[in-house]
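Peer 1: Pasting in a structure now, in structure tokens, and then I'll have a few things to ask.
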Amino acid sequence: MIEGSCLCGGIRYEYDGEIEEISICHCSQCRKAQGSAFAAVSPLAADRFRLISGAKLLKEFRSSPDKLRVFCANCGSPIYSAKDDRPEVKRLRLGTVETPFTCSNVFHIHVDSKASWFDFNDTHPRFAGAKG
Ligand SMILES: [Zn+2]
Ligand SMILES: [Zn+2]
């Protein structure tokens, strides 16, 4: 079981599954949404993600017409994103995870949009845009 929470602790969740992929997204939307060089994200099966507390703190922002970014209305932590045409998938922001885990399937996406000040120091695969 994977457990996590937002910065203020108002939102708590659990996921009955494994983190099978770490997608490090350098797109300009993710950079702004995180306030950082990238977002570290994993797709989850939406039906195995369960909110333990904080349902009324979940605030949704549409960064694209078909894409929701969901964050804590109190502290601002990004929690997950979801696309209208893929309701079975949530894309979890891995910085909110508290349970230690490892995952070797790590890759960078949208590196064409990366912050000019960020330098890669790993050998993970890099994709100019979306993966594949
Ligand atoms: Zn919060
Ligand atoms: Zn992105």
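So you can find residues: chains in the structure tokens are A, B, ... in the order shown, residues in each start at 1, and ligands are numbered from 1 in order.
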Would you please extract all strand (DSSP E or B) residues from chain A, as assigned by DSSP on the backbone, and give them as an MDAnalysis selection string?

Peer 2: chainID A and resid 2:5 12:15 22:25 39:45 49:53 58:64 67:72 78:83 89:93 97 106:109 126

Peer 1: Include N, CA and C atoms and write out the residues we just selected as a compact mmCIF listing (two decimals), in the first residue's frame.

Peer 2:
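part-v8.txt was written with the following content:
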```txt
# COMPACT_ATOMS: atom_id res chain seq x y z
N ILE A 2 0.55 2.15 -0.88
CA ILE A 2 1.25 3.43 -0.96
C ILE A 2 0.39 4.48 -0.26
N GLU A 3 0.97 5.25 0.64
CA GLU A 3 0.22 6.30 1.31
C GLU A 3 0.90 7.65 1.10
N GLY A 4 0.09 8.70 1.12
CA GLY A 4 0.66 10.02 0.95
C GLY A 4 -0.28 11.10 1.45
N SER A 5 0.22 12.33 1.42
CA SER A 5 -0.59 13.46 1.89
C SER A 5 -0.04 14.75 1.28
N ARG A 12 -5.30 13.21 2.68
CA ARG A 12 -4.53 11.97 2.82
C ARG A 12 -5.13 10.94 1.88
N TYR A 13 -4.25 10.12 1.29
CA TYR A 13 -4.74 9.11 0.34
C TYR A 13 -3.96 7.83 0.49
N GLU A 14 -4.52 6.76 -0.06
CA GLU A 14 -3.79 5.51 -0.16
C GLU A 14 -4.04 4.91 -1.53
N TYR A 15 -3.06 4.11 -1.96
CA TYR A 15 -3.15 3.48 -3.27
C TYR A 15 -2.83 2.01 -3.10
N ILE A 22 8.06 6.10 -13.20
CA ILE A 22 8.28 7.47 -12.75
C ILE A 22 8.58 8.32 -13.97
N SER A 23 7.62 9.16 -14.28
CA SER A 23 7.72 10.02 -15.45
C SER A 23 8.10 11.41 -14.96
N ILE A 24 9.26 11.88 -15.38
CA ILE A 24 9.74 13.19 -14.94
C ILE A 24 9.42 14.17 -16.06
N CYS A 25 8.40 14.99 -15.82
CA CYS A 25 7.90 15.86 -16.90
C CYS A 25 8.45 17.27 -16.78
N ALA A 39 7.96 17.87 -12.82
CA ALA A 39 7.03 17.10 -11.99
C ALA A 39 7.42 15.63 -12.09
N ALA A 40 7.42 14.92 -10.97
CA ALA A 40 7.65 13.47 -10.96
C ALA A 40 6.28 12.82 -10.76
N VAL A 41 5.89 12.03 -11.75
CA VAL A 41 4.50 11.59 -11.85
C VAL A 41 4.45 10.09 -12.12
N SER A 42 3.43 9.43 -11.59
CA SER A 42 3.18 8.04 -11.95
C SER A 42 1.71 7.83 -12.24
N PRO A 43 1.40 7.07 -13.29
CA PRO A 43 -0.01 6.74 -13.53
C PRO A 43 -0.50 5.73 -12.49
N LEU A 44 -1.72 5.92 -12.05
CA LEU A 44 -2.36 5.00 -11.10
C LEU A 44 -3.67 4.50 -11.69
N ALA A 45 -4.08 3.31 -11.28
CA ALA A 45 -5.43 2.85 -11.59
C ALA A 45 -6.39 3.61 -10.68
N PHE A 49 -7.20 4.00 -6.10
CA PHE A 49 -6.79 5.19 -5.36
C PHE A 49 -7.94 5.58 -4.44
N ARG A 50 -7.64 5.77 -3.16
CA ARG A 50 -8.71 6.09 -2.22
C ARG A 50 -8.32 7.29 -1.37
N LEU A 51 -9.21 8.25 -1.31
CA LEU A 51 -9.00 9.41 -0.47
C LEU A 51 -9.37 9.03 0.97
N ILE A 52 -8.47 9.26 1.92
CA ILE A 52 -8.76 8.97 3.33
C ILE A 52 -9.37 10.19 3.99
N SER A 53 -8.87 11.36 3.63
CA SER A 53 -9.45 12.60 4.17
C SER A 53 -9.19 13.74 3.21
N LEU A 58 -9.93 19.26 -2.10
CA LEU A 58 -9.46 19.02 -3.46
C LEU A 58 -9.98 20.12 -4.38
N LYS A 59 -9.05 20.85 -4.97
CA LYS A 59 -9.42 21.93 -5.89
C LYS A 59 -8.94 21.54 -7.27
N GLU A 60 -9.79 21.74 -8.25
CA GLU A 60 -9.47 21.35 -9.62
C GLU A 60 -9.20 22.58 -10.49
N PHE A 61 -8.15 22.46 -11.29
CA PHE A 61 -7.84 23.51 -12.25
C PHE A 61 -7.66 22.86 -13.62
N ARG A 62 -8.33 23.39 -14.63
CA ARG A 62 -8.16 22.86 -15.98
C ARG A 62 -7.02 23.60 -16.67
N SER A 63 -5.86 22.94 -16.78
CA SER A 63 -4.71 23.55 -17.45
C SER A 63 -4.85 23.41 -18.97
N SER A 64 -5.65 22.48 -19.43
CA SER A 64 -6.03 22.33 -20.83
C SER A 64 -7.51 21.98 -20.81
N LYS A 67 -7.89 18.47 -19.46
CA LYS A 67 -7.00 18.00 -18.40
C LYS A 67 -7.20 18.76 -17.10
N LEU A 68 -7.46 18.00 -16.05
CA LEU A 68 -7.61 18.56 -14.71
C LEU A 68 -6.32 18.40 -13.93
N ARG A 69 -5.94 19.44 -13.21
CA ARG A 69 -4.87 19.32 -12.23
C ARG A 69 -5.51 19.55 -10.88
N VAL A 70 -5.31 18.62 -9.96
CA VAL A 70 -6.01 18.63 -8.68
C VAL A 70 -5.00 18.89 -7.57
N PHE A 71 -5.29 19.88 -6.74
CA PHE A 71 -4.34 20.28 -5.71
C PHE A 71 -5.09 20.62 -4.42
N CYS A 72 -4.34 20.82 -3.34
CA CYS A 72 -4.96 21.15 -2.06
C CYS A 72 -5.29 22.64 -2.01
N PRO A 78 0.25 19.96 -5.25
CA PRO A 78 -0.37 19.23 -6.36
C PRO A 78 -0.50 17.76 -5.99
N ILE A 79 -1.66 17.17 -6.24
CA ILE A 79 -1.89 15.77 -5.85
C ILE A 79 -1.90 14.85 -7.06
N TYR A 80 -2.75 15.14 -8.04
CA TYR A 80 -2.79 14.31 -9.24
C TYR A 80 -3.37 15.12 -10.39
N SER A 81 -3.21 14.57 -11.59
CA SER A 81 -3.90 15.12 -12.75
C SER A 81 -4.72 14.00 -13.36
N ALA A 82 -5.67 14.38 -14.21
CA ALA A 82 -6.53 13.40 -14.86
C ALA A 82 -7.01 13.99 -16.18
N LYS A 83 -7.20 13.10 -17.14
CA LYS A 83 -7.71 13.53 -18.45
C LYS A 83 -9.13 13.01 -18.64
N VAL A 89 -7.51 6.50 -15.21
CA VAL A 89 -6.13 6.79 -14.82
C VAL A 89 -6.05 8.12 -14.08
N LYS A 90 -5.33 8.12 -12.96
CA LYS A 90 -4.91 9.36 -12.33
C LYS A 90 -3.39 9.40 -12.41
N ARG A 91 -2.85 10.59 -12.53
CA ARG A 91 -1.39 10.71 -12.58
C ARG A 91 -0.92 11.40 -11.29
N LEU A 92 -0.40 10.58 -10.40
CA LEU A 92 -0.04 11.02 -9.05
C LEU A 92 1.24 11.83 -9.03
N ARG A 93 1.25 12.92 -8.25
CA ARG A 93 2.47 13.71 -8.04
C ARG A 93 3.27 13.03 -6.93
N VAL A 97 4.06 11.37 -1.89
CA VAL A 97 4.06 10.00 -1.35
C VAL A 97 4.93 9.93 -0.10
N VAL A 106 12.32 4.79 -14.87
CA VAL A 106 12.32 6.24 -14.73
C VAL A 106 12.71 6.85 -16.08
N PHE A 107 12.02 7.89 -16.50
CA PHE A 107 12.38 8.55 -17.74
C PHE A 107 11.93 10.01 -17.72
N HIS A 108 12.58 10.79 -18.55
CA HIS A 108 12.26 12.22 -18.68
C HIS A 108 11.39 12.43 -19.91
N ILE A 109 10.36 13.28 -19.80
CA ILE A 109 9.55 13.64 -20.97
C ILE A 109 9.50 15.16 -21.12
N ARG A 126 15.43 9.91 -22.22
CA ARG A 126 14.87 11.25 -22.39
C ARG A 126 14.05 11.31 -23.68
```

Peer 1: All residues within 7 Å of ligand 2 are required, counting only C-alpha atoms and all ligand atoms; please report them as a list in words.

Peer 2: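 The distance check yields Cys25, His26, Cys27, Ser28, Gln29, Cys30 and Ala39 of chain A.
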
Peer 1: Within 6 Å of ligand 1 (counting only C-alpha atoms and all ligand atoms), which residues show up? I'd like them as a PyMOL selection string.

Peer 2: chain A and resi 6-11+72+74-75+77

Peer 1: According to DSSP computed on the backbone, where in range 49-99 of chain A is there helix (DSSP H, G or I)? Give the residues as a PyMOL selection string.

Peer 2: chain A and resi 55-57+94-96

Peer 1: Could you pull the residues within 6 Å of range 127-132 of chain A, counting only C-alpha atoms, minus those fewer than 2 positions along the same chain, as a VMD selection string?

Peer 2: chain A and resid 109 to 112

Peer 1: Take the residues from that selection and write them out as a PDB file, in the first residue's frame, keeping C-alpha atoms.

Peer 2:
```pdb
ATOM      1  CA  ILE A 109       9.553  13.638 -20.968  1.00  0.00           C
ATOM      2  CA  HIS A 110       9.061  16.989 -22.680  1.00  0.00           C
ATOM      3  CA  VAL A 111      12.778  17.705 -22.347  1.00  0.00           C
ATOM      4  CA  ASP A 112      12.460  20.186 -25.228  1.00  0.00           C
TER       5      ASP A 112
END
```

Peer 1: Which is closer to Ala55 in chain A than all the others in A:Pro100, A:Ala73, A:Asn105, A:Arg86, using only C-alpha atoms?

Peer 2: A:Ala73
